[in-house]
file run26.cif (mmCIF, C-alpha atoms)
data_protein
#
loop_
_atom_site.label_atom_id
_atom_site.label_comp_id
_atom_site.auth_asym_id
_atom_site.auth_seq_id
_atom_site.Cartn_x
_atom_site.Cartn_y
_atom_site.Cartn_z
CA MET A 1 16.53 -31.28 -45.72
CA ASN A 2 14.36 -31.23 -48.81
CA GLN A 3 15.02 -28.37 -51.21
CA PRO A 4 11.96 -26.31 -52.22
CA ASP A 5 10.55 -27.12 -55.59
CA ARG A 6 11.98 -24.92 -58.33
CA PRO A 7 10.43 -24.45 -61.73
CA THR A 8 12.08 -26.52 -64.42
CA ARG A 9 11.48 -26.79 -68.13
CA THR A 10 8.35 -28.83 -68.68
CA SER A 11 8.35 -31.14 -71.69
CA GLY A 12 5.96 -29.91 -74.34
CA ARG A 13 5.28 -26.59 -72.61
CA PRO A 14 7.39 -23.44 -72.81
CA PRO A 15 8.27 -21.78 -69.49
CA THR A 16 6.23 -18.81 -68.36
CA LEU A 17 7.57 -15.42 -67.35
CA ARG A 18 6.43 -16.14 -63.77
CA GLU A 19 8.50 -19.34 -63.66
CA ILE A 20 11.56 -17.47 -64.92
CA ALA A 21 11.03 -14.63 -62.45
CA GLU A 22 10.65 -17.00 -59.48
CA ARG A 23 13.77 -18.94 -60.39
CA ALA A 24 15.80 -15.75 -60.93
CA GLY A 25 14.47 -14.19 -57.72
CA VAL A 26 12.94 -11.10 -59.31
CA HIS A 27 9.47 -9.68 -59.84
CA VAL A 28 7.66 -10.88 -62.97
CA SER A 29 7.56 -7.32 -64.34
CA THR A 30 11.38 -7.17 -64.10
CA ALA A 31 11.71 -10.45 -66.00
CA SER A 32 9.32 -9.18 -68.67
CA ARG A 33 11.23 -5.92 -69.11
CA VAL A 34 14.62 -7.65 -69.33
CA LEU A 35 13.46 -10.17 -71.92
CA ARG A 36 11.82 -7.68 -74.27
CA GLN A 37 14.46 -4.94 -74.44
CA PRO A 38 17.92 -4.77 -76.07
CA GLU A 39 21.00 -4.60 -73.89
CA PRO A 40 21.35 -1.17 -72.19
CA ALA A 41 24.30 1.00 -73.15
CA ASP A 42 25.88 0.46 -69.71
CA GLY A 43 25.35 -3.32 -69.81
CA TRP A 44 23.04 -5.73 -67.99
CA SER A 45 22.66 -5.58 -64.21
CA GLU A 46 23.38 -8.67 -62.11
CA ALA A 47 19.65 -9.36 -61.72
CA ALA A 48 19.06 -8.95 -65.45
CA LEU A 49 21.88 -11.39 -66.21
CA ARG A 50 20.24 -13.97 -63.88
CA VAL A 51 16.94 -13.53 -65.70
CA ARG A 52 18.54 -14.06 -69.09
CA GLU A 53 20.54 -17.07 -67.92
CA VAL A 54 17.42 -18.72 -66.50
CA ALA A 55 15.50 -17.94 -69.70
CA VAL A 56 18.16 -19.67 -71.80
CA GLU A 57 18.31 -22.63 -69.41
CA LEU A 58 14.55 -23.14 -69.53
CA GLY A 59 14.31 -22.57 -73.29
CA TYR A 60 12.16 -19.46 -73.15
CA GLN A 61 11.05 -17.94 -76.47
CA PRO A 62 9.25 -14.56 -76.46
CA ASN A 63 5.75 -14.49 -77.92
CA LEU A 64 6.36 -11.79 -80.51
CA TRP A 65 2.85 -12.05 -81.94
CA ALA A 66 1.21 -11.41 -78.57
CA ALA A 67 3.63 -8.56 -77.92
CA SER A 68 2.82 -6.95 -81.26
CA LEU A 69 -0.90 -7.06 -80.46
CA ARG A 70 -0.26 -5.22 -77.20
CA THR A 71 2.15 -2.61 -78.52
CA ARG A 72 1.12 -2.39 -82.18
CA LYS A 73 4.81 -2.98 -82.93
CA THR A 74 6.23 -6.02 -84.70
CA THR A 75 9.91 -5.24 -84.01
CA THR A 76 10.43 -5.84 -87.72
CA LEU A 77 12.05 -3.49 -90.24
CA GLY A 78 11.25 -3.69 -93.93
CA VAL A 79 14.07 -3.27 -96.45
CA VAL A 80 13.64 -2.70 -100.19
CA MET A 81 17.04 -3.37 -101.73
CA PRO A 82 17.39 -4.13 -105.47
CA ARG A 83 20.60 -5.65 -106.87
CA LEU A 84 21.36 -7.77 -103.81
CA THR A 85 23.79 -9.84 -105.92
CA ASP A 86 26.03 -6.75 -106.05
CA GLY A 87 28.81 -7.09 -103.47
CA VAL A 88 28.39 -3.53 -102.19
CA VAL A 89 24.65 -3.91 -101.72
CA ALA A 90 25.12 -7.26 -99.98
CA THR A 91 27.67 -5.73 -97.59
CA MET A 92 25.27 -2.90 -96.87
CA PHE A 93 22.59 -5.43 -96.00
CA GLN A 94 24.98 -7.17 -93.60
CA GLY A 95 25.31 -3.88 -91.73
CA ILE A 96 21.52 -3.56 -91.67
CA GLU A 97 20.90 -7.05 -90.33
CA GLU A 98 23.68 -6.96 -87.72
CA THR A 99 22.55 -3.63 -86.28
CA ALA A 100 18.85 -4.51 -86.33
CA THR A 101 19.54 -7.80 -84.54
CA GLN A 102 21.58 -6.04 -81.88
CA ALA A 103 18.64 -3.71 -81.31
CA GLY A 104 16.19 -6.60 -80.96
CA TYR A 105 14.63 -6.22 -84.40
CA SER A 106 14.27 -8.66 -87.26
CA VAL A 107 14.55 -7.67 -90.92
CA LEU A 108 12.14 -8.47 -93.72
CA LEU A 109 13.92 -8.03 -97.06
CA SER A 110 12.52 -7.59 -100.55
CA SER A 111 14.98 -7.39 -103.45
CA PRO A 112 12.96 -6.40 -106.53
CA PRO A 113 14.32 -5.32 -109.91
CA ASP A 114 15.51 -1.71 -109.99
CA ASP A 115 12.33 -0.23 -111.48
CA LEU A 116 9.51 1.73 -109.90
CA ASP A 117 6.67 -0.76 -110.43
CA ALA A 118 8.67 -3.55 -108.83
CA GLN A 119 9.68 -1.31 -105.93
CA ARG A 120 6.06 -0.28 -105.39
CA ARG A 121 4.96 -3.91 -105.14
CA ALA A 122 7.79 -4.62 -102.71
CA ILE A 123 6.83 -1.67 -100.52
CA GLU A 124 3.15 -2.68 -100.54
CA PHE A 125 4.11 -6.22 -99.50
CA LEU A 126 6.25 -5.03 -96.59
CA VAL A 127 3.58 -2.58 -95.42
CA SER A 128 1.06 -5.45 -95.44
CA ARG A 129 3.38 -7.34 -93.09
CA GLN A 130 3.04 -4.46 -90.61
CA VAL A 131 6.72 -3.57 -90.42
CA ASP A 132 7.59 -0.78 -88.01
CA GLY A 133 9.64 1.15 -90.58
CA LEU A 134 11.08 1.00 -94.09
CA LEU A 135 14.60 1.37 -95.48
CA LEU A 136 14.52 2.22 -99.20
CA SER A 137 17.89 1.80 -100.90
CA SER A 138 17.20 2.55 -104.57
CA LEU A 139 14.66 5.31 -105.02
CA HIS A 140 14.71 6.87 -108.46
CA SER A 141 15.26 10.59 -108.86
CA PRO A 142 13.13 12.59 -109.26
CA GLY A 143 11.03 10.57 -106.84
CA ARG A 144 8.62 12.84 -104.99
CA GLU A 145 5.63 11.85 -107.11
CA PHE A 146 6.41 8.17 -106.52
CA VAL A 147 6.78 8.54 -102.75
CA ASP A 148 3.69 10.74 -102.44
CA SER A 149 1.66 8.06 -104.23
CA LEU A 150 2.58 5.29 -101.76
CA SER A 151 -0.14 4.11 -99.37
CA VAL A 152 2.05 3.93 -96.28
CA GLY A 153 0.31 6.35 -93.92
CA ALA A 154 2.66 7.66 -91.24
CA LEU A 155 5.04 4.71 -91.49
CA PRO A 156 8.62 5.86 -90.76
CA MET A 157 10.84 5.65 -93.86
CA LEU A 158 14.47 6.40 -94.58
CA GLN A 159 16.49 6.44 -97.80
CA LEU A 160 19.66 4.40 -97.93
CA ASN A 161 22.64 4.65 -100.29
CA ARG A 162 20.77 6.67 -102.92
CA HIS A 163 18.84 9.82 -102.16
CA ALA A 164 16.11 11.62 -104.02
CA ASP A 165 14.41 14.93 -103.30
CA VAL A 166 11.37 13.32 -101.67
CA GLY A 167 11.30 14.89 -98.20
CA LEU A 168 12.78 11.82 -96.49
CA PRO A 169 16.09 11.72 -94.60
CA PHE A 170 18.87 9.59 -96.08
CA VAL A 171 22.13 7.89 -95.18
CA SER A 172 24.69 7.51 -97.97
CA GLY A 173 28.37 7.77 -98.75
CA ASP A 174 29.67 11.16 -99.82
CA ASP A 175 29.47 10.34 -103.52
CA HIS A 176 30.24 13.85 -104.74
CA ARG A 177 33.42 13.83 -102.66
CA GLY A 178 34.29 10.38 -104.00
CA GLY A 179 34.01 11.50 -107.60
CA TYR A 180 36.09 14.56 -106.80
CA LEU A 181 38.83 12.39 -105.24
CA ALA A 182 38.92 10.21 -108.36
CA GLY A 183 39.27 13.22 -110.65
CA ARG A 184 41.88 14.89 -108.45
CA HIS A 185 43.89 11.66 -108.33
CA LEU A 186 44.01 11.30 -112.13
CA LEU A 187 44.99 14.94 -112.56
CA ASP A 188 47.76 14.57 -109.98
CA ARG A 189 49.07 11.61 -112.00
CA GLY A 190 49.22 13.79 -115.10
CA PHE A 191 46.13 12.45 -116.89
CA THR A 192 44.03 15.07 -118.67
CA GLU A 193 42.49 13.03 -121.52
CA VAL A 194 39.95 11.35 -119.27
CA ALA A 195 36.53 9.73 -119.59
CA VAL A 196 33.78 8.57 -117.23
CA ILE A 197 31.54 5.53 -117.42
CA THR A 198 28.56 6.50 -115.34
CA GLY A 199 25.41 4.68 -114.29
CA PRO A 200 21.69 5.29 -114.88
CA ASP A 201 20.66 8.93 -114.57
CA HIS A 202 17.94 8.08 -112.03
CA ALA A 203 20.58 6.94 -109.52
CA SER A 204 21.89 9.73 -107.27
CA THR A 205 25.07 7.70 -106.70
CA SER A 206 25.86 7.95 -110.41
CA ARG A 207 24.96 11.62 -110.77
CA ASP A 208 26.85 12.74 -107.65
CA ARG A 209 30.03 10.82 -108.54
CA LEU A 210 30.02 12.29 -112.04
CA ALA A 211 29.41 15.81 -110.67
CA GLY A 212 32.30 15.47 -108.23
CA PHE A 213 34.61 14.28 -111.00
CA ARG A 214 33.62 17.24 -113.18
CA ALA A 215 34.28 19.60 -110.26
CA ALA A 216 37.85 18.32 -109.90
CA LEU A 217 38.51 18.86 -113.62
CA ALA A 218 36.94 22.31 -113.52
CA GLU A 219 39.42 23.40 -110.84
CA ASN A 220 42.13 22.81 -113.48
CA GLY A 221 40.18 24.51 -116.25
CA ILE A 222 39.37 21.18 -117.94
CA GLU A 223 35.90 20.48 -119.31
CA LEU A 224 34.75 16.88 -119.70
CA ARG A 225 33.78 16.36 -123.35
CA PRO A 226 30.26 15.00 -123.93
CA ASP A 227 31.60 12.05 -125.94
CA ARG A 228 33.79 11.11 -122.97
CA VAL A 229 30.77 10.38 -120.74
CA VAL A 230 29.11 7.04 -121.45
CA ARG A 231 26.15 5.68 -119.49
CA SER A 232 26.04 2.08 -118.33
CA ASP A 233 24.28 -0.30 -115.99
CA PHE A 234 25.99 -1.07 -112.68
CA ASP A 235 27.41 -4.39 -113.85
CA VAL A 236 30.25 -6.02 -115.77
CA SER A 237 28.34 -6.29 -119.04
CA GLY A 238 27.52 -2.58 -118.88
CA GLY A 239 31.21 -1.86 -118.41
CA VAL A 240 32.07 -3.99 -121.43
CA ALA A 241 29.60 -2.16 -123.65
CA ALA A 242 30.65 1.31 -122.48
CA ALA A 243 34.38 0.55 -122.65
CA THR A 244 33.99 -0.74 -126.20
CA VAL A 245 32.55 2.63 -127.21
CA LEU A 246 35.37 4.58 -125.55
CA LEU A 247 38.35 2.38 -126.35
CA GLU A 248 37.53 1.68 -129.97
CA SER A 249 37.04 5.37 -130.79
CA ASP A 250 39.58 7.40 -132.76
CA SER A 251 40.26 9.58 -129.71
CA ARG A 252 40.79 6.98 -127.02
CA PRO A 253 41.12 8.46 -123.49
CA GLU A 254 44.25 7.82 -121.45
CA ALA A 255 42.30 7.28 -118.23
CA ILE A 256 38.77 6.18 -117.29
CA PHE A 257 36.82 6.69 -114.08
CA THR A 258 33.95 4.22 -113.56
CA VAL A 259 31.24 4.83 -110.95
CA SER A 260 31.38 1.21 -109.77
CA ASP A 261 34.05 -1.47 -109.51
CA THR A 262 31.92 -3.96 -111.43
CA ILE A 263 31.86 -1.57 -114.38
CA ALA A 264 35.66 -1.26 -114.09
CA ILE A 265 36.04 -5.04 -114.31
CA GLY A 266 34.23 -4.91 -117.64
CA VAL A 267 36.63 -2.19 -118.80
CA LEU A 268 39.60 -4.38 -117.89
CA GLY A 269 38.24 -7.17 -120.08
CA VAL A 270 37.88 -4.90 -123.11
CA ALA A 271 41.34 -3.40 -122.56
CA ARG A 272 42.84 -6.90 -122.45
CA ASP A 273 41.11 -7.91 -125.68
CA LEU A 274 42.41 -4.77 -127.40
CA GLY A 275 45.95 -5.43 -126.19
CA LEU A 276 46.02 -2.36 -123.95
CA ARG A 277 48.25 -2.48 -120.87
CA ILE A 278 47.04 -1.15 -117.50
CA PRO A 279 48.20 1.47 -116.56
CA ASP A 280 50.76 2.10 -119.35
CA ASP A 281 48.15 2.48 -122.10
CA LEU A 282 45.10 3.11 -119.94
CA ALA A 283 44.73 4.19 -116.31
CA LEU A 284 41.58 3.12 -114.48
CA VAL A 285 39.77 4.16 -111.28
CA GLY A 286 36.75 2.34 -109.90
CA TYR A 287 34.34 2.98 -107.03
CA ASN A 288 33.32 1.04 -103.88
CA ASP A 289 36.43 -1.10 -103.23
CA ILE A 290 34.75 -4.49 -103.42
CA PRO A 291 37.14 -7.20 -102.11
CA VAL A 292 38.02 -8.72 -105.50
CA VAL A 293 39.55 -5.57 -106.99
CA ALA A 294 42.60 -5.66 -104.72
CA GLN A 295 43.34 -9.19 -106.01
CA LEU A 296 43.10 -8.52 -109.76
CA PRO A 297 46.23 -9.08 -111.90
CA VAL A 298 46.54 -5.30 -111.88
CA PRO A 299 45.01 -4.19 -108.55
CA LEU A 300 42.44 -1.46 -109.05
CA THR A 301 42.65 2.06 -107.71
CA THR A 302 39.20 2.84 -106.35
CA VAL A 303 37.15 4.97 -103.99
CA ARG A 304 36.23 3.09 -100.84
CA SER A 305 32.62 3.57 -99.80
CA PRO A 306 31.62 2.50 -96.24
CA ALA A 307 28.89 0.07 -97.30
CA ARG A 308 28.50 -1.78 -93.98
CA LEU A 309 28.48 1.49 -92.03
CA ILE A 310 25.85 2.95 -94.36
CA GLY A 311 23.57 0.00 -93.55
CA ALA A 312 24.26 0.15 -89.82
CA THR A 313 23.76 3.92 -89.62
CA GLY A 314 20.56 3.67 -91.63
CA VAL A 315 19.08 1.23 -89.10
CA ARG A 316 20.05 3.42 -86.14
CA HIS A 317 18.49 6.48 -87.76
CA LEU A 318 15.32 4.61 -88.70
CA LEU A 319 14.94 3.33 -85.13
CA SER A 320 15.34 6.88 -83.92
CA ILE A 321 12.54 8.00 -86.26
CA ILE A 322 10.36 5.13 -85.00
CA ALA A 323 11.00 6.39 -81.46
CA GLY A 324 9.59 9.78 -82.47
CA ASN A 325 12.81 11.69 -83.06
CA ASP A 326 13.87 13.87 -85.97
CA VAL A 327 17.07 12.85 -87.74
CA GLU A 328 19.35 14.66 -90.16
CA SER A 329 20.53 13.21 -93.47
CA VAL A 330 24.10 11.91 -93.36
CA LYS A 331 26.83 11.57 -96.00
CA LEU A 332 29.52 9.28 -94.62
CA PRO A 333 33.21 9.84 -95.51
CA VAL A 334 34.85 8.02 -98.43
CA GLU A 335 38.53 7.62 -99.29
CA LEU A 336 40.60 6.97 -102.39
CA ILE A 337 42.63 3.76 -102.33
CA GLU A 338 45.58 3.97 -104.73
CA ARG A 339 46.73 0.77 -106.40
CA ALA A 340 48.62 -0.25 -109.54
CA SER A 341 45.95 0.65 -112.11
CA THR A 342 46.93 4.34 -111.97
CA ARG A 343 50.65 4.10 -111.24
CA LYS A 344 52.83 4.94 -114.23
#

call {"tool": "encode", "arguments": {"input": "run26.cif", "output": "structure tokens"}}
result
Amino acid sequence: MNQPDRPTRTSGRPPTLREIAERAGVHVSTASRVLRQPEPADGWSEAALRVREVAVELGYQPNLWAASLRTRKTTTLGVVMPRLTDGVVATMFQGIEETATQAGYSVLLSSPPDDLDAQRRAIEFLVSRQVDGLLLSSLHSPGREFVDSLSVGALPMLQLNRHADVGLPFVSGDDHRGGYLAGRHLLDRGFTEVAVITGPDHASTSRDRLAGFRAALAENGIELRPDRVVRSDFDVSGGVAAATVLLESDSRPEAIFTVSDTIAIGVLGVARDLGLRIPDDLALVGYNDIPVVAQLPVPLTTVRSPARLIGATGVRHLLSIIAGNDVESVKLPVELIERASTRK
């Protein structure tokens, strides 16, 4: 007996939804719905699995452009993320991309320099690509005037990592708590002559970590001297410059807290050149727990920030805003990881 003809992949022509539906034994509207939505929380039904298997077999590719014309959605998220060469920022972006992909979205990334003019151009570019929402990782504070001046209409936006008082929700680590944990740890180890190498004042991450550190000292009646707070960029060279100021002074501190691990690496280089031993002559605490710091000759005590989770949570919250929901700002938990750089 001859078998009925079944649609097969035609050379040079992509399969149609009708061909997929007929082969899977479902209505064409069912095939369309299955192929345009992310996997439901309770998993795919048996019929949906057949549709997806047939689509893969026939080489089906959704026409995203046609879909965007119908729905006015591009299923694309825009991300403005300076300093992508920084390990923490790169890990955060991994969380963004993984979660967006799982939700059926693609990500359009712009990584401008960390200044307002460059960020404005990046935002304008992404808006011109008709993204469905924006994740902004490095807004400067104060930032309301900057955000109010953007020509973005009602485009959903969410702050990531940093936060500024701009009327937008944010997802970040609990930086104030992280700074407090660093200060409490040094006090518990008996260090009172302490210093901080902090980042640019426009970065909430820097300000909040410094404020948390001060709060820990204040609980013990200790005030952080002005000359023991040195500003730096979030990089190794900034750490070198700031550490040179602190460690070559007449009143060298016995412990330093840096608001990023990359700054701490610069401090280690200066300490080595000056013949200082870690932690006998100088204790050191970093921030973020990038992978390399556990493998240093003297492993670094640091505050672990959940970079990947920050990115993933930011995407989920932005998608919720796109769906018309209100979301609350979130500060995710951090933890202090003790290693040899603070053990006497």

call {"tool": "resolve_selection", "arguments": {"input": "run26.cif", "expression": "the PyMOL selection byres ((chain A and resi 157-164) around 10)", "output": "PDB file with C-alpha atoms, keeping the file's coordinate frame"}}
result
ATOM      1  CA  LEU A  77      12.050  -3.490 -90.240  1.00  0.00           C
ATOM      2  CA  GLY A  78      11.250  -3.690 -93.930  1.00  0.00           C
ATOM      3  CA  VAL A  79      14.070  -3.270 -96.450  1.00  0.00           C
ATOM      4  CA  VAL A  80      13.640  -2.700-100.190  1.00  0.00           C
ATOM      5  CA  MET A  81      17.040  -3.370-101.730  1.00  0.00           C
ATOM      6  CA  VAL A  89      24.650  -3.910-101.720  1.00  0.00           C
ATOM      7  CA  MET A  92      25.270  -2.900 -96.870  1.00  0.00           C
ATOM      8  CA  ASP A 132       7.590  -0.780 -88.010  1.00  0.00           C
ATOM      9  CA  GLY A 133       9.640   1.150 -90.580  1.00  0.00           C
ATOM     10  CA  LEU A 134      11.080   1.000 -94.090  1.00  0.00           C
ATOM     11  CA  LEU A 135      14.600   1.370 -95.480  1.00  0.00           C
ATOM     12  CA  LEU A 136      14.520   2.220 -99.200  1.00  0.00           C
ATOM     13  CA  SER A 137      17.890   1.800-100.900  1.00  0.00           C
ATOM     14  CA  SER A 138      17.200   2.550-104.570  1.00  0.00           C
ATOM     15  CA  LEU A 139      14.660   5.310-105.020  1.00  0.00           C
ATOM     16  CA  HIS A 140      14.710   6.870-108.460  1.00  0.00           C
ATOM     17  CA  SER A 141      15.260  10.590-108.860  1.00  0.00           C
ATOM     18  CA  PRO A 142      13.130  12.590-109.260  1.00  0.00           C
ATOM     19  CA  GLY A 143      11.030  10.570-106.840  1.00  0.00           C
ATOM     20  CA  ARG A 144       8.620  12.840-104.990  1.00  0.00           C
ATOM     21  CA  VAL A 147       6.780   8.540-102.750  1.00  0.00           C
ATOM     22  CA  VAL A 152       2.050   3.930 -96.280  1.00  0.00           C
ATOM     23  CA  ALA A 154       2.660   7.660 -91.240  1.00  0.00           C
ATOM     24  CA  LEU A 155       5.040   4.710 -91.490  1.00  0.00           C
ATOM     25  CA  PRO A 156       8.620   5.860 -90.760  1.00  0.00           C
ATOM     26  CA  ASP A 165      14.410  14.930-103.300  1.00  0.00           C
ATOM     27  CA  VAL A 166      11.370  13.320-101.670  1.00  0.00           C
ATOM     28  CA  GLY A 167      11.300  14.890 -98.200  1.00  0.00           C
ATOM     29  CA  LEU A 168      12.780  11.820 -96.490  1.00  0.00           C
ATOM     30  CA  PRO A 169      16.090  11.720 -94.600  1.00  0.00           C
ATOM     31  CA  PHE A 170      18.870   9.590 -96.080  1.00  0.00           C
ATOM     32  CA  VAL A 171      22.130   7.890 -95.180  1.00  0.00           C
ATOM     33  CA  SER A 172      24.690   7.510 -97.970  1.00  0.00           C
ATOM     34  CA  GLY A 173      28.370   7.770 -98.750  1.00  0.00           C
ATOM     35  CA  ASP A 174      29.670  11.160 -99.820  1.00  0.00           C
ATOM     36  CA  ASP A 175      29.470  10.340-103.520  1.00  0.00           C
ATOM     37  CA  HIS A 202      17.940   8.080-112.030  1.00  0.00           C
ATOM     38  CA  ALA A 203      20.580   6.940-109.520  1.00  0.00           C
ATOM     39  CA  SER A 204      21.890   9.730-107.270  1.00  0.00           C
ATOM     40  CA  THR A 205      25.070   7.700-106.700  1.00  0.00           C
ATOM     41  CA  SER A 206      25.860   7.950-110.410  1.00  0.00           C
ATOM     42  CA  ASP A 208      26.850  12.740-107.650  1.00  0.00           C
ATOM     43  CA  ALA A 307      28.890   0.070 -97.300  1.00  0.00           C
ATOM     44  CA  ILE A 310      25.850   2.950 -94.360  1.00  0.00           C
ATOM     45  CA  GLY A 311      23.570   0.000 -93.550  1.00  0.00           C
ATOM     46  CA  THR A 313      23.760   3.920 -89.620  1.00  0.00           C
ATOM     47  CA  GLY A 314      20.560   3.670 -91.630  1.00  0.00           C
ATOM     48  CA  VAL A 315      19.080   1.230 -89.100  1.00  0.00           C
ATOM     49  CA  HIS A 317      18.490   6.480 -87.760  1.00  0.00           C
ATOM     50  CA  LEU A 318      15.320   4.610 -88.700  1.00  0.00           C
ATOM     51  CA  LEU A 319      14.940   3.330 -85.130  1.00  0.00           C
ATOM     52  CA  ILE A 321      12.540   8.000 -86.260  1.00  0.00           C
ATOM     53  CA  ILE A 322      10.360   5.130 -85.000  1.00  0.00           C
ATOM     54  CA  VAL A 327      17.070  12.850 -87.740  1.00  0.00           C
ATOM     55  CA  SER A 329      20.530  13.210 -93.470  1.00  0.00           C
ATOM     56  CA  VAL A 330      24.100  11.910 -93.360  1.00  0.00           C
ATOM     57  CA  LYS A 331      26.830  11.570 -96.000  1.00  0.00           C
TER      58      LYS A 331
END

call {"tool": "atom_distance", "arguments": {"input": "run26.cif", "atom1": "CA of Ala241 (chain A)", "atom2": "CA of Leu186 (chain A)"}}
result
22.8 Å

call {"tool": "resolve_selection", "arguments": {"input": "run26.cif", "expression": "the PyMOL selection byres ((chain A and resi 271) around 12)", "output": "count of residues only"}}
result
35

call {"tool": "closest_residue", "arguments": {"input": "run26.cif", "among": "A:Arg207, A:Arg184, A:Arg343, A:Arg33", "to": "Ile222 (chain A)", "atoms": "only C-alpha atoms"}}
result
A:Arg184

call {"tool": "closest_residue", "arguments": {"input": "run26.cif", "among": "A:Phe213, A:Phe93, A:Phe146, A:Phe257", "to": "Val230 (chain A)", "atoms": "only C-alpha atoms"}}
result
A:Phe257

call {"tool": "atom_distance", "arguments": {"input": "run26.cif", "atom1": "CA of Pro82 (chain A)", "atom2": "CA of Gly183 (chain A)"}}
result
28.4 Å

call {"tool": "resolve_selection", "arguments": {"input": "run26.cif", "expression": "the PyMOL selection byres ((chain A and resi 195) around 6)", "output": "list in words"}}
result
Val194, Val196, Arg228, Val229 and Ile256 of chain A

call {"tool": "atom_distance", "arguments": {"input": "run26.cif", "atom1": "CA of Pro112 (chain A)", "atom2": "CA of Pro333 (chain A)"}}
result
28.2 Å

call {"tool": "closest_residue", "arguments": {"input": "run26.cif", "among": "A:Ala340, A:Ala218, A:Ala55, A:Ala122", "to": "Leu296 (chain A)", "atoms": "all atoms listed in the file"}}
result
A:Ala340

call {"tool": "closest_residue", "arguments": {"input": "run26.cif", "among": "A:Asp235, A:Gly286, A:Glu53, A:Arg36", "to": "Arg83 (chain A)", "atoms": "all atoms listed in the file"}}
result
A:Asp235

call {"tool": "closest_residue", "arguments": {"input": "run26.cif", "among": "A:Thr16, A:Thr76, A:Thr85, A:Ser29", "to": "Glu97 (chain A)", "atoms": "all atoms listed in the file"}}
result
A:Thr76

call {"tool": "closest_residue", "arguments": {"input": "run26.cif", "among": "A:Glu57, A:Asp86, A:Glu338, A:Asp250", "to": "Thr301 (chain A)", "atoms": "all atoms listed in the file"}}
result
A:Glu338

call {"tool": "residues_around", "arguments": {"input": "run26.cif", "residues": "Glu124 (chain A)", "least_positions_apart": "3", "cutoff": "8 Å", "atoms": "all atoms listed in the file", "output": "list in words"}}
result
Arg120, Arg121, Val127, Ser128, Ser151 and Val152 of chain A

call {"tool": "residues_around", "arguments": {"input": "run26.cif", "residues": "Arg52 (chain A)", "least_positions_apart": "5", "cutoff": "10 Å", "atoms": "all atoms listed in the file", "output": "list in words"}}
result
Ile20, Ala24, Ala31, Val34, Leu35, Trp44, Ala47, Glu57, Leu58 and Tyr60 of chain A

call {"tool": "axis_aligned_box", "arguments": {"input": "run26.cif", "around": "region 235-239 of chain A", "padding_each_side": "3 Å", "output": "JSON"}}
result
{"center_x": 29.3, "center_y": -4.1, "center_z": -116.4, "size_x": 9.8, "size_y": 10.4, "size_z": 11.2}
